[in-house]
Amino acid sequence: MQLLSQFLRHEQTDEELTDLIATLMVACKEITLKLRQGAISGVLGATTDVNVQGETQKKLDVISNEIIKKYLLSHLTVAGLASEEESEPVLANPNGKYLVVFDPLDGSSNIDINVTVGTIFSILEAAPEQGYHDEAPFLQKGRKQLAAGYVLYGPSALLVLTTGNGVSMFTLSETGDFLLTRDKVMIPQETQEFAINMSNYRHWEPAMRSYIDDVLEGVDGVRGKNFNMRWVAAMVAEIHRILTRGGIFIYPWDARVPQKPGKLRLMYEGNPMSMLIEQAGGIATNCYSDILDVEPKDIHERVSVALGSKKEVEVLMEYHQRIETVIEKKD
Ligand code: F6P
């Protein structure tokens with residue numbers, strides 16, 4: 001089995017990018033160890049702080065953020081970083097080539113119940129000529145990502161990575177190496193499995209409700225087939241399932257916070273996951289257009305997402321084209 005470093009060399013990935021990805025993986029291995037220790041090392045539970053999103057920070061959100069920051073700030077290729085847990089971007093080496101945007105621990109409501117969580121990251125090209133006094137250099141469309149991926153902390157720890165040349169999966173071995181265990185991942189085009197938080201049904205747009213109504217009708221309705229539903233409440237786990245066996249994952253706009261386009265964050269959730277999904281032959285949309293083409297205006301901006309099997313996402317988009325949007329909003 002190929003080591004991550006051998007694989008990247010073989011793919012002719014830029015040496016500095018290879019080294020940066022390897023450094024990120026050292027940080028993720030440290031997070032894996034913290035997660036494994038759980039209650040023994042006193043890392044479970046919440047802090048008394050809230051993050052920039054207004055969400056209570058879990059101890060492990062903060063610990064994971066500090067671990068990743070520590071490694072990135074000591075890496076000379078990193079010009080700056082932005083994280084879900086940092087209100088402002090953090091500057092590093094002004095001559096660095098890369099910007100790293102990340103969610104240190106996605107799905108953190110799962111931590112205390114010992115269910116899958118993950119780290120999501122996106123690597124962008126730095127623009128030294130713009131300086132780093134504000135967010136501007138980070139506000140690049142998802143299409144411009146140089147690399148994107150996640151580390152899933154489940155029964156095994158896995159890295160799922162793209163550098164724009166397909167999607168590959170690496171499993172963390174007993175010796176602490178990430179070994180290539182699946183290459184050129186492709187998502188089946190059709191599916192009978194969907195993932196959405198059904199408790200928000202009453203807050204959705206008519207098009208979204210209508211799509212789900214028809215899915216639930218199963219073989220007796222216009223879709224003519226039965227569907228199964230899954231909801232892990234961690235985007236990493238949902239996307240991993242879709243990359244493994246197909247499906248559709250949706251977190252749509254809803255009327256609970258009408259001025260926001262959705263719950264999930266564009267730059268460190270929507271964009272990296274969309275790059276992986278597209279690289280694996282799926283579609284990643286905000287229900288109207290490609291997420292990777294959204295021009296970001298704010299590091300912490302939100303986005304509606306529908307990601308997964310090509311033909312199923314096309315069906316969902318068709319409902320949004322056909323059924324009028326009655327709610328004033330968004331992107
Ligand atoms: O980052 C937000 C997140 O934890 C995602 O990983 C997950 O898909 C979603 O929120 C779960 O949302 P809800 O609380 O509605 O189940």
# chains A, B, ... in the order shown; residues from 1 in each chain; ligands from 1
call {"tool": "residues_near_ligand", "arguments": {"ligand": "ligand 1", "cutoff": "6 Å", "atoms": "only C-alpha atoms and all ligand atoms", "output": "list in words"}}
result
Asp106, Gly107, Asn197, Ala233, Ala234, Met235 and Leu264 of chain A
call {"tool": "closest_atom_pairs", "arguments": {"of": "stretch 249-321 of chain A", "to": "stretch 79-86 of chain A", "cutoff": "12 Å", "atoms": "only C-alpha atoms", "output": "Markdown table"}}
result
| residue | atom | partner | partner_atom | distance |
| --- | --- | --- | --- | --- |
| A:Leu264 | CA | A:Glu84 | CA | 10.8 |
| A:Arg265 | CA | A:Glu84 | CA | 8.4 |
| A:Leu266 | CA | A:Glu84 | CA | 10.7 |
| A:Met267 | CA | A:Ala82 | CA | 9.2 |
| A:Tyr268 | CA | A:Glu84 | CA | 7.4 |
| A:Glu269 | CA | A:Glu84 | CA | 9.5 |
| A:Asp298 | CA | A:Ala82 | CA | 11.1 |
| A:Ile299 | CA | A:Ala82 | CA | 7.6 |
| A:His300 | CA | A:Glu84 | CA | 7.1 |
| A:Glu301 | CA | A:Glu84 | CA | 10.5 |
| A:Arg302 | CA | A:Glu84 | CA | 11.5 |
call {"tool": "write_last_selection", "arguments": {"atoms": "N, CA, C and O atoms", "output": "mmCIF file, in the first residue's frame"}}
result
data_model
loop_
_atom_site.group_PDB
_atom_site.id
_atom_site.type_symbol
_atom_site.label_atom_id
_atom_site.label_comp_id
_atom_site.auth_asym_id
_atom_site.auth_seq_id
_atom_site.Cartn_x
_atom_site.Cartn_y
_atom_site.Cartn_z
ATOM 1 N N LEU A 264 -24.735 25.789 6.895
ATOM 2 C CA LEU A 264 -23.336 25.380 6.756
ATOM 3 C C LEU A 264 -22.495 26.517 6.184
ATOM 4 O O LEU A 264 -23.010 27.417 5.522
ATOM 5 N N ARG A 265 -21.200 26.472 6.469
ATOM 6 C CA ARG A 265 -20.311 27.552 6.106
ATOM 7 C C ARG A 265 -19.662 27.275 4.746
ATOM 8 O O ARG A 265 -19.196 26.165 4.484
ATOM 9 N N LEU A 266 -19.654 28.325 3.905
ATOM 10 C CA LEU A 266 -19.168 28.168 2.534
ATOM 11 C C LEU A 266 -17.686 27.786 2.474
ATOM 12 O O LEU A 266 -17.311 26.825 1.801
ATOM 13 N N MET A 267 -16.846 28.539 3.185
ATOM 14 C CA MET A 267 -15.410 28.434 2.914
ATOM 15 C C MET A 267 -14.739 27.210 3.519
ATOM 16 O O MET A 267 -13.748 26.731 2.996
ATOM 17 N N TYR A 268 -15.278 26.724 4.661
ATOM 18 C CA TYR A 268 -14.602 25.561 5.256
ATOM 19 C C TYR A 268 -15.515 24.346 5.389
ATOM 20 O O TYR A 268 -15.144 23.364 6.023
ATOM 21 N N GLU A 269 -16.722 24.409 4.819
ATOM 22 C CA GLU A 269 -17.570 23.214 4.731
ATOM 23 C C GLU A 269 -18.013 23.047 3.267
ATOM 24 O O GLU A 269 -17.685 22.053 2.620
ATOM 25 N N ASP A 298 -17.475 36.914 2.843
ATOM 26 C CA ASP A 298 -17.135 36.885 4.262
ATOM 27 C C ASP A 298 -16.602 35.480 4.586
ATOM 28 O O ASP A 298 -17.151 34.499 4.089
ATOM 29 N N ILE A 299 -15.581 35.410 5.382
ATOM 30 C CA ILE A 299 -14.986 34.102 5.700
ATOM 31 C C ILE A 299 -15.989 33.143 6.333
ATOM 32 O O ILE A 299 -15.939 31.942 6.124
ATOM 33 N N HIS A 300 -16.887 33.687 7.139
ATOM 34 C CA HIS A 300 -17.820 32.817 7.856
ATOM 35 C C HIS A 300 -19.195 32.748 7.187
ATOM 36 O O HIS A 300 -20.171 32.359 7.820
ATOM 37 N N GLU A 301 -19.276 33.155 5.919
ATOM 38 C CA GLU A 301 -20.594 33.183 5.277
ATOM 39 C C GLU A 301 -21.169 31.776 5.108
ATOM 40 O O GLU A 301 -20.444 30.779 5.073
ATOM 41 N N ARG A 302 -22.482 31.743 5.029
ATOM 42 C CA ARG A 302 -23.188 30.450 4.974
ATOM 43 C C ARG A 302 -23.687 30.174 3.564
ATOM 44 O O ARG A 302 -23.745 31.064 2.728
#
call {"tool": "residues_around", "arguments": {"residues": "A:Val78", "least_positions_apart": "4", "cutoff": "8 Å", "atoms": "only C-alpha atoms", "output": "count of residues only"}}
result
9
call {"tool": "atom_distance", "arguments": {"atom1": "atom CA of A:Ile196", "atom2": "atom CA of A:Ile212"}}
result
9.3 Å
call {"tool": "atom_distance", "arguments": {"atom1": "atom CA of A:Leu292", "atom2": "atom CA of A:Leu124"}}
result
13.1 Å
call {"tool": "closest_residue", "arguments": {"among": "A:Gln6, A:Thr18, A:Asn110, A:Gln279", "to": "A:Lys58", "atoms": "only C-alpha atoms"}}
result
A:Asn110
call {"tool": "atom_distance", "arguments": {"atom1": "atom CA of A:Glu125", "atom2": "atom CA of A:Thr285"}}
result
23.3 Å
call {"tool": "closest_residue", "arguments": {"among": "A:Val294, A:Val167, A:Val305, A:Ala22", "to": "A:Gly142", "atoms": "only C-alpha atoms"}}
result
A:Val294
call {"tool": "closest_residue", "arguments": {"among": "A:Trp204, A:Ser309, A:Pro252, A:Ile277", "to": "A:Ser168", "atoms": "only C-alpha atoms"}}
result
A:Ile277
call {"tool": "residues_around", "arguments": {"residues": "A:Ala207", "least_positions_apart": "2", "cutoff": "9 Å", "atoms": "only C-alpha atoms", "output": "list in words"}}
result
Trp204, Glu205, Arg209, Ser210, Tyr211, Ile212, Leu316, Tyr319, His320, Gln321, Arg322, Ile323, Glu324 and Thr325 of chain A
call {"tool": "residues_around", "arguments": {"residues": "A:Ser64", "least_positions_apart": "6", "cutoff": "9 Å", "atoms": "only C-alpha atoms", "output": "list in words"}}
result
Ala27, Cys28, Glu30, Ile31, Lys34, Pro104, Leu105 and Thr119 of chain A
call {"tool": "residues_around", "arguments": {"residues": "A:Val232", "least_positions_apart": "2", "cutoff": "12 Å", "atoms": "only C-alpha atoms", "output": "ChimeraX atom specification"}}
result
/A:106-110,113-117,154,194-197,229-230,234-241,249
call {"tool": "closest_residue", "arguments": {"among": "A:Asp61, A:Leu161, A:Ile250, A:Lys141", "to": "A:Ile291", "atoms": "only C-alpha atoms"}}
result
A:Lys141
call {"tool": "closest_residue", "arguments": {"among": "A:Gln189, A:Gln145, A:Thr244, A:Ser74", "to": "A:Met169", "atoms": "only C-alpha atoms"}}
result
A:Thr244
call {"tool": "residues_around", "arguments": {"residues": "A:Pro272", "least_positions_apart": "5", "cutoff": "7 Å", "atoms": "only C-alpha atoms", "output": "NGL selection string"}}
result
:A and (121-122 or 148-149)
call {"tool": "write_last_selection", "arguments": {"atoms": "all heavy atoms", "output": "PDB file, in the first residue's frame"}}
result
ATOM      1  N   PHE A 121     -10.670  20.685   5.538  1.00  0.00           N
ATOM      2  CA  PHE A 121      -9.711  21.748   5.188  1.00  0.00           C
ATOM      3  C   PHE A 121      -9.742  22.090   3.699  1.00  0.00           C
ATOM      4  O   PHE A 121     -10.126  21.271   2.864  1.00  0.00           O
ATOM      5  CB  PHE A 121      -8.277  21.362   5.608  1.00  0.00           C
ATOM      6  CG  PHE A 121      -7.781  20.108   4.937  1.00  0.00           C
ATOM      7  CD1 PHE A 121      -7.119  20.154   3.704  1.00  0.00           C
ATOM      8  CD2 PHE A 121      -7.981  18.875   5.525  1.00  0.00           C
ATOM      9  CE1 PHE A 121      -6.655  19.006   3.086  1.00  0.00           C
ATOM     10  CE2 PHE A 121      -7.534  17.708   4.909  1.00  0.00           C
ATOM     11  CZ  PHE A 121      -6.866  17.775   3.694  1.00  0.00           C
ATOM     12  N   SER A 122      -9.333  23.321   3.434  1.00  0.00           N
ATOM     13  CA  SER A 122      -9.284  23.830   2.063  1.00  0.00           C
ATOM     14  C   SER A 122      -7.981  24.617   1.946  1.00  0.00           C
ATOM     15  O   SER A 122      -7.662  25.419   2.824  1.00  0.00           O
ATOM     16  CB  SER A 122     -10.498  24.752   1.876  1.00  0.00           C
ATOM     17  OG  SER A 122     -10.326  25.641   0.817  1.00  0.00           O
ATOM     18  N   ALA A 148      -8.272  20.050  -1.223  1.00  0.00           N
ATOM     19  CA  ALA A 148      -9.345  20.057  -0.227  1.00  0.00           C
ATOM     20  C   ALA A 148      -9.498  18.648   0.299  1.00  0.00           C
ATOM     21  O   ALA A 148      -9.178  17.677  -0.397  1.00  0.00           O
ATOM     22  CB  ALA A 148     -10.651  20.532  -0.868  1.00  0.00           C
ATOM     23  N   GLY A 149      -9.985  18.542   1.515  1.00  0.00           N
ATOM     24  CA  GLY A 149     -10.191  17.200   2.051  1.00  0.00           C
ATOM     25  C   GLY A 149     -10.743  17.218   3.453  1.00  0.00           C
ATOM     26  O   GLY A 149     -11.070  18.281   4.005  1.00  0.00           O
TER      27      GLY A 149
END
